[in-house]
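Coordinates as given in run.pdb (PDB, C-alpha atoms):
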```pdb
ATOM      1  CA  PHE A 981      63.389  74.158 -56.270  1.00  0.00           C
ATOM      2  CA  LEU A 982      62.770  70.687 -57.757  1.00  0.00           C
ATOM      3  CA  PRO A 983      63.922  67.623 -55.812  1.00  0.00           C
ATOM      4  CA  LYS A 984      67.120  65.955 -57.020  1.00  0.00           C
ATOM      5  CA  THR A 985      65.379  62.580 -57.203  1.00  0.00           C
ATOM      6  CA  LEU A 986      63.535  63.750 -60.332  1.00  0.00           C
ATOM      7  CA  PHE A 987      66.861  64.004 -62.169  1.00  0.00           C
ATOM      8  CA  GLU A 988      68.739  61.008 -60.746  1.00  0.00           C
ATOM      9  CA  LEU A 989      69.218  58.105 -63.118  1.00  0.00           C
ATOM     10  CA  THR A 990      68.272  54.598 -62.079  1.00  0.00           C
ATOM     11  CA  PRO A 991      71.261  52.285 -61.540  1.00  0.00           C
ATOM     12  CA  GLU A 992      70.631  50.576 -64.896  1.00  0.00           C
ATOM     13  CA  LEU A 993      70.388  53.857 -66.776  1.00  0.00           C
ATOM     14  CA  ALA A 994      73.467  55.187 -64.986  1.00  0.00           C
ATOM     15  CA  GLU A 995      75.450  52.152 -66.180  1.00  0.00           C
ATOM     16  CA  ILE A 996      74.100  52.508 -69.727  1.00  0.00           C
ATOM     17  CA  ASP A 997      74.903  56.240 -69.607  1.00  0.00           C
ATOM     18  CA  ARG A 998      78.480  55.468 -68.592  1.00  0.00           C
ATOM     19  CA  LEU A 999      78.838  52.950 -71.442  1.00  0.00           C
ATOM     20  CA  LEU A1000      77.319  55.291 -74.039  1.00  0.00           C
ATOM     21  CA  GLN A1001      79.916  57.953 -73.315  1.00  0.00           C
ATOM     22  CA  ASN A1002      82.315  55.942 -75.464  1.00  0.00           C
ATOM     23  CA  PRO A1003      82.592  57.671 -78.883  1.00  0.00           C
ATOM     24  CA  VAL A1004      82.550  54.294 -80.671  1.00  0.00           C
ATOM     25  CA  PHE A1005      78.741  54.486 -80.703  1.00  0.00           C
ATOM     26  CA  GLU A1006      78.634  57.731 -82.628  1.00  0.00           C
ATOM     27  CA  GLU A1007      81.326  56.781 -85.178  1.00  0.00           C
ATOM     28  CA  PRO A1008      79.141  54.786 -87.641  1.00  0.00           C
ATOM     29  CA  ILE A1009      76.662  57.644 -87.929  1.00  0.00           C
ATOM     30  CA  VAL A1010      79.151  60.509 -87.924  1.00  0.00           C
ATOM     31  CA  ASN A1011      81.362  58.814 -90.526  1.00  0.00           C
ATOM     32  CA  LYS A1012      78.472  58.229 -92.910  1.00  0.00           C
ATOM     33  CA  PHE A1013      76.240  61.264 -92.292  1.00  0.00           C
ATOM     34  CA  ASN A1014      78.610  64.066 -91.238  1.00  0.00           C
ATOM     35  CA  THR A1015      77.157  66.858 -93.330  1.00  0.00           C
ATOM     36  CA  MET A1016      76.176  70.465 -92.795  1.00  0.00           C
ATOM     37  CA  LEU A1017      73.669  70.539 -95.648  1.00  0.00           C
ATOM     38  CA  GLY A1018      69.909  70.707 -95.109  1.00  0.00           C
ATOM     39  CA  ARG A1019      67.839  71.418 -92.040  1.00  0.00           C
ATOM     40  CA  PRO A1020      69.268  70.898 -88.565  1.00  0.00           C
ATOM     41  CA  THR A1021      68.503  67.439 -87.301  1.00  0.00           C
ATOM     42  CA  VAL A1022      68.501  65.614 -83.986  1.00  0.00           C
ATOM     43  CA  PRO A1023      72.050  65.351 -82.586  1.00  0.00           C
ATOM     44  CA  VAL A1024      73.556  61.875 -82.914  1.00  0.00           C
ATOM     45  CA  ARG A1025      74.058  61.517 -79.157  1.00  0.00           C
ATOM     46  CA  VAL A1026      70.388  62.372 -78.497  1.00  0.00           C
ATOM     47  CA  PHE A1027      69.219  59.971 -81.220  1.00  0.00           C
ATOM     48  CA  ILE A1028      71.276  57.060 -79.866  1.00  0.00           C
ATOM     49  CA  ARG A1029      70.132  57.621 -76.298  1.00  0.00           C
ATOM     50  CA  MET A1030      66.499  57.944 -77.317  1.00  0.00           C
ATOM     51  CA  MET A1031      66.735  54.700 -79.275  1.00  0.00           C
ATOM     52  CA  VAL A1032      68.249  53.003 -76.219  1.00  0.00           C
ATOM     53  CA  LEU A1033      65.341  54.308 -74.127  1.00  0.00           C
ATOM     54  CA  LYS A1034      62.857  53.128 -76.741  1.00  0.00           C
ATOM     55  CA  PHE A1035      64.116  49.570 -76.449  1.00  0.00           C
ATOM     56  CA  TYR A1036      64.752  49.809 -72.703  1.00  0.00           C
ATOM     57  CA  LEU A1037      61.152  50.892 -72.021  1.00  0.00           C
ATOM     58  CA  CYS A1038      59.623  48.812 -74.872  1.00  0.00           C
ATOM     59  CA  ILE A1039      57.547  51.717 -76.174  1.00  0.00           C
ATOM     60  CA  SER A1040      56.618  53.168 -79.554  1.00  0.00           C
ATOM     61  CA  PHE A1041      58.087  56.278 -81.148  1.00  0.00           C
ATOM     62  CA  GLU A1042      54.892  58.181 -80.283  1.00  0.00           C
ATOM     63  CA  ASP A1043      55.113  57.292 -76.597  1.00  0.00           C
ATOM     64  CA  LEU A1044      58.868  57.845 -76.527  1.00  0.00           C
ATOM     65  CA  SER A1045      58.574  61.519 -77.441  1.00  0.00           C
ATOM     66  CA  VAL A1046      55.918  62.146 -74.784  1.00  0.00           C
ATOM     67  CA  VAL A1047      57.683  60.187 -72.029  1.00  0.00           C
ATOM     68  CA  VAL A1048      61.065  61.838 -72.608  1.00  0.00           C
ATOM     69  CA  THR A1049      59.518  65.315 -72.773  1.00  0.00           C
ATOM     70  CA  LYS A1050      57.652  64.821 -69.470  1.00  0.00           C
ATOM     71  CA  THR A1051      60.327  62.965 -67.466  1.00  0.00           C
ATOM     72  CA  PRO A1052      63.341  64.985 -66.268  1.00  0.00           C
ATOM     73  CA  MET A1053      65.395  61.841 -65.620  1.00  0.00           C
ATOM     74  CA  TYR A1054      64.980  60.710 -69.247  1.00  0.00           C
ATOM     75  CA  LYS A1055      65.750  64.205 -70.545  1.00  0.00           C
ATOM     76  CA  ARG A1056      68.977  64.160 -68.555  1.00  0.00           C
ATOM     77  CA  PHE A1057      69.839  60.699 -69.871  1.00  0.00           C
ATOM     78  CA  CYS A1058      69.224  61.837 -73.476  1.00  0.00           C
ATOM     79  CA  HIS A1059      71.206  65.092 -73.007  1.00  0.00           C
ATOM     80  CA  ILE A1060      68.173  67.234 -73.834  1.00  0.00           C
ATOM     81  CA  PRO A1061      68.034  70.636 -72.096  1.00  0.00           C
ATOM     82  CA  MET A1062      65.166  70.910 -69.603  1.00  0.00           C
ATOM     83  CA  ASP A1063      63.596  73.871 -71.384  1.00  0.00           C
ATOM     84  CA  LEU A1064      63.354  72.001 -74.717  1.00  0.00           C
ATOM     85  CA  GLU A1065      61.029  69.225 -75.820  1.00  0.00           C
ATOM     86  CA  ALA A1066      62.216  65.835 -77.024  1.00  0.00           C
ATOM     87  CA  PRO A1067      62.338  65.216 -80.779  1.00  0.00           C
ATOM     88  CA  THR A1068      58.962  64.313 -82.227  1.00  0.00           C
ATOM     89  CA  ASP A1069      57.987  60.786 -83.119  1.00  0.00           C
ATOM     90  CA  THR A1070      57.980  61.572 -86.840  1.00  0.00           C
ATOM     91  CA  ALA A1071      61.462  63.081 -86.633  1.00  0.00           C
ATOM     92  CA  MET A1072      62.770  59.967 -84.883  1.00  0.00           C
ATOM     93  CA  MET A1073      61.124  57.674 -87.454  1.00  0.00           C
ATOM     94  CA  LYS A1074      62.534  59.664 -90.372  1.00  0.00           C
ATOM     95  CA  ILE A1075      66.047  59.654 -88.894  1.00  0.00           C
ATOM     96  CA  THR A1076      65.847  55.915 -88.206  1.00  0.00           C
ATOM     97  CA  LYS A1077      64.811  55.356 -91.820  1.00  0.00           C
ATOM     98  CA  LYS A1078      67.562  57.707 -93.038  1.00  0.00           C
ATOM     99  CA  TYR A1079      70.310  55.908 -91.105  1.00  0.00           C
ATOM    100  CA  GLY A1080      68.994  52.525 -92.189  1.00  0.00           C
ATOM    101  CA  ASP A1081      69.116  49.062 -90.720  1.00  0.00           C
ATOM    102  CA  GLU A1082      72.851  48.698 -91.376  1.00  0.00           C
ATOM    103  CA  ILE A1083      73.782  51.614 -89.081  1.00  0.00           C
ATOM    104  CA  ILE A1084      71.325  50.586 -86.354  1.00  0.00           C
ATOM    105  CA  GLU A1085      72.742  47.052 -86.506  1.00  0.00           C
ATOM    106  CA  GLN A1086      76.290  48.446 -86.223  1.00  0.00           C
ATOM    107  CA  LEU A1087      75.240  50.468 -83.150  1.00  0.00           C
ATOM    108  CA  ASN A1088      73.776  47.345 -81.543  1.00  0.00           C
ATOM    109  CA  GLU A1089      76.946  45.345 -82.267  1.00  0.00           C
ATOM    110  CA  ASN A1090      79.126  48.092 -80.777  1.00  0.00           C
ATOM    111  CA  PHE A1091      76.926  48.231 -77.691  1.00  0.00           C
ATOM    112  CA  ILE A1092      77.087  44.454 -77.185  1.00  0.00           C
ATOM    113  CA  LEU A1093      80.874  44.490 -77.638  1.00  0.00           C
ATOM    114  CA  GLU A1094      81.140  47.259 -75.043  1.00  0.00           C
ATOM    115  CA  LEU A1095      78.949  45.282 -72.634  1.00  0.00           C
ATOM    116  CA  ARG A1096      81.156  42.210 -73.102  1.00  0.00           C
ATOM    117  CA  LYS A1097      84.335  44.252 -72.672  1.00  0.00           C
ATOM    118  CA  ASN A1098      83.053  45.648 -69.369  1.00  0.00           C
ATOM    119  CA  LYS A1099      81.884  42.155 -68.361  1.00  0.00           C
ATOM    120  CA  VAL A1100      78.291  43.253 -67.964  1.00  0.00           C
ATOM    121  CA  ILE A1101      77.264  40.288 -70.127  1.00  0.00           C
ATOM    122  CA  LYS A1102      79.180  37.194 -71.107  1.00  0.00           C
ATOM    123  CA  GLY A1103      77.342  36.509 -74.332  1.00  0.00           C
ATOM    124  CA  ARG A1104      78.369  32.869 -74.588  1.00  0.00           C
ATOM    125  CA  LYS A1105      75.486  30.917 -73.134  1.00  0.00           C
ATOM    126  CA  VAL A1106      71.780  31.176 -73.645  1.00  0.00           C
ATOM    127  CA  ARG A1107      69.318  29.445 -71.401  1.00  0.00           C
ATOM    128  CA  ILE A1108      65.931  28.796 -72.914  1.00  0.00           C
ATOM    129  CA  ASP A1109      62.963  27.359 -71.123  1.00  0.00           C
ATOM    130  CA  SER A1110      60.151  26.233 -73.370  1.00  0.00           C
ATOM    131  CA  THR A1111      57.051  24.131 -73.033  1.00  0.00           C
ATOM    132  CA  VAL A1112      55.978  21.917 -75.890  1.00  0.00           C
ATOM    133  CA  ILE A1113      52.413  20.708 -76.164  1.00  0.00           C
ATOM    134  CA  GLU A1114      51.490  18.017 -78.618  1.00  0.00           C
ATOM    135  CA  SER A1115      48.809  19.055 -81.057  1.00  0.00           C
ATOM    136  CA  ASN A1116      46.988  17.398 -83.927  1.00  0.00           C
ATOM    137  CA  ILE A1117      47.298  19.659 -86.934  1.00  0.00           C
ATOM    138  CA  ALA A1118      45.348  18.896 -90.089  1.00  0.00           C
ATOM    139  CA  TYR A1119      46.561  20.933 -93.011  1.00  0.00           C
ATOM    140  CA  PRO A1120      43.866  21.618 -95.604  1.00  0.00           C
ATOM    141  CA  THR A1121      44.319  20.416 -99.155  1.00  0.00           C
ATOM    142  CA  ASP A1122      43.538  22.541-102.200  1.00  0.00           C
ATOM    143  CA  ALA A1123      40.553  20.347-103.051  1.00  0.00           C
ATOM    144  CA  GLU A1124      39.084  20.735 -99.552  1.00  0.00           C
ATOM    145  CA  LEU A1125      39.491  24.510 -99.677  1.00  0.00           C
ATOM    146  CA  LEU A1126      37.860  24.662-103.103  1.00  0.00           C
ATOM    147  CA  PHE A1127      34.984  22.450-101.944  1.00  0.00           C
ATOM    148  CA  LYS A1128      34.364  24.622 -98.864  1.00  0.00           C
ATOM    149  CA  GLY A1129      34.468  27.765-101.014  1.00  0.00           C
ATOM    150  CA  VAL A1130      31.855  26.334-103.396  1.00  0.00           C
ATOM    151  CA  GLN A1131      29.676  25.313-100.447  1.00  0.00           C
ATOM    152  CA  LYS A1132      29.805  28.838 -99.034  1.00  0.00           C
ATOM    153  CA  LEU A1133      28.881  30.309-102.406  1.00  0.00           C
ATOM    154  CA  GLU A1134      25.916  27.929-102.686  1.00  0.00           C
ATOM    155  CA  ASN A1135      24.761  28.861 -99.173  1.00  0.00           C
ATOM    156  CA  GLN A1136      25.004  32.567 -99.993  1.00  0.00           C
ATOM    157  CA  MET A1137      23.087  32.116-103.231  1.00  0.00           C
ATOM    158  CA  THR A1138      20.372  30.189-101.381  1.00  0.00           C
ATOM    159  CA  ALA A1139      20.090  32.994 -98.812  1.00  0.00           C
ATOM    160  CA  VAL A1140      19.863  35.619-101.589  1.00  0.00           C
ATOM    161  CA  ARG A1141      17.252  33.548-103.425  1.00  0.00           C
ATOM    162  CA  GLU A1142      15.152  33.248-100.257  1.00  0.00           C
ATOM    163  CA  GLN A1143      15.283  36.994 -99.636  1.00  0.00           C
ATOM    164  CA  CYS A1144      14.665  38.102-103.208  1.00  0.00           C
ATOM    165  CA  GLY A1145      12.170  35.417-104.149  1.00  0.00           C
ATOM    166  CA  HIS A1146      11.219  35.111-107.827  1.00  0.00           C
ATOM    167  CA  LYS A1147      13.617  37.851-109.013  1.00  0.00           C
ATOM    168  CA  VAL A1148      16.659  35.578-108.804  1.00  0.00           C
ATOM    169  CA  ARG A1149      17.259  33.076-111.569  1.00  0.00           C
ATOM    170  CA  LYS A1150      17.702  29.526-110.345  1.00  0.00           C
ATOM    171  CA  SER A1151      20.882  27.692-111.099  1.00  0.00           C
ATOM    172  CA  THR A1152      20.555  24.988-113.719  1.00  0.00           C
ATOM    173  CA  LYS A1153      23.429  23.105-112.212  1.00  0.00           C
ATOM    174  CA  LYS A1154      22.448  19.968-110.375  1.00  0.00           C
ATOM    175  CA  LYS A1155      23.735  19.355-106.880  1.00  0.00           C
ATOM    176  CA  ARG A1156      26.467  16.816-106.618  1.00  0.00           C
ATOM    177  CA  LYS A1157      26.227  13.990-104.214  1.00  0.00           C
ATOM    178  CA  ARG A1158      29.136  13.644-101.943  1.00  0.00           C
TER     179      ARG A1158
END
```
Just give me the structure as structure tokens.
Amino acid sequence: FLPKTLFELTPELAEIDRLLQNPVFEEPIVNKFNTMLGRPTVPVRVFIRMMVLKFYLCISFEDLSVVVTKTPMYKRFCHIPMDLEAPTDTAMMKITKKYGDEIIEQLNENFILELRKNKVIKGRKVRIDSTVIESNIAYPTDAELLFKGVQKLENQMTAVREQCGHKVRKSTKKKRKR
């Protein structure tokens, strides 16, 4: 009774979905973490697809869990049954930490290689447009920083002395002339 448009993937996600069907993306994780010990965890395929969505949508782990749970199209993309919720943000963070930067980097490299192989990207040229504005930058010296710190302390002590009156002992140090 729900319209099909709720479940249809956008053209970009459909292309990414087609590319992610290659088992090369799951190999680094399955080879290193293929174990039946401990609590059940998020399936590798779901984890990879959720991480792709995280970067595709530029959202946090907290938002990712909510968005995937509430959007049928994203649930379909992540291979999550419609009657189940998406993995929680803490589960995704723990799994990301467990797999480590090395595995995530390997996944990214495999994905870029697959994109190049299918000629989605060329990966040879980068075009950068930048604007440079000239600016006068004066870097502080240690002596200047020390002098400003002493000045601030003197100003604070003067303010305390004015508020507390006779109860504060005056400094015997003479003021330096600059």
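Using only C-alpha atoms, the smallest distance between any of A:Arg1029, A:Lys1078, A:Lys1097, A:Lys1050 and A:Glu1006 comes from A:Arg1029.
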Exercise for review: Specify as a ChimeraX atom specification each residue included when the PyMOL selection byres ((chain A and resi 1052) around 10) is applied to this file.
Suggested key: /A:985-989,1047-1051,1053-1058,1060-1062
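Between A:Met1073 and the residues A:Met1031, A:Val1112, A:Leu1037, A:Val1130, the shortest atom-to-atom distance, using all atoms listed in the file, involves A:Met1031.
Residues lying within 9 Å of A:Val1046, counting all atoms listed in the file and ignoring same-chain neighbours fewer than 4 positions away, are Phe1041, Glu1042, Lys1050, Thr1051, Glu1065, Ala1066, Thr1068 and Asp1069 of chain A.
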Exercise for review: Please write as a VMD selection string the full residue list that the PyMOL selection byres ((chain A and resi 1081-1086) around 12) yields on this file.
Suggested key: chain A and resid 1004 to 1013 1024 1027 to 1028 1031 to 1032 1075 to 1080 1087 to 1093
Revision key, fill the gap. Computed gap from atom CA of A:Leu982 to atom CA of A:Val1022 is 27.3 Å
Using only the atoms of stretch 1075-1085 of chain A listed in the file, plus 8 Å on each side, state the axis-aligned box centre and edge lengths in Å rounded to one decimal, as JSON.
```
{"center_x": 69.3, "center_y": 53.4, "center_z": -89.7, "size_x": 25.0, "size_y": 28.6, "size_z": 22.7}
```
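In this structure, atom CA of A:Pro1023 sits 9.9 Å away from atom CA of A:Pro1067.
Atom CA of A:Leu1000 sits 10.2 Å away from atom CA of A:Leu1095.
Proximity to A:Leu993 was assessed for A:Gln1136, A:Arg1096, A:Asn1116, A:Leu1033 counting only C-alpha atoms; the smallest distance is recorded for A:Leu1033.
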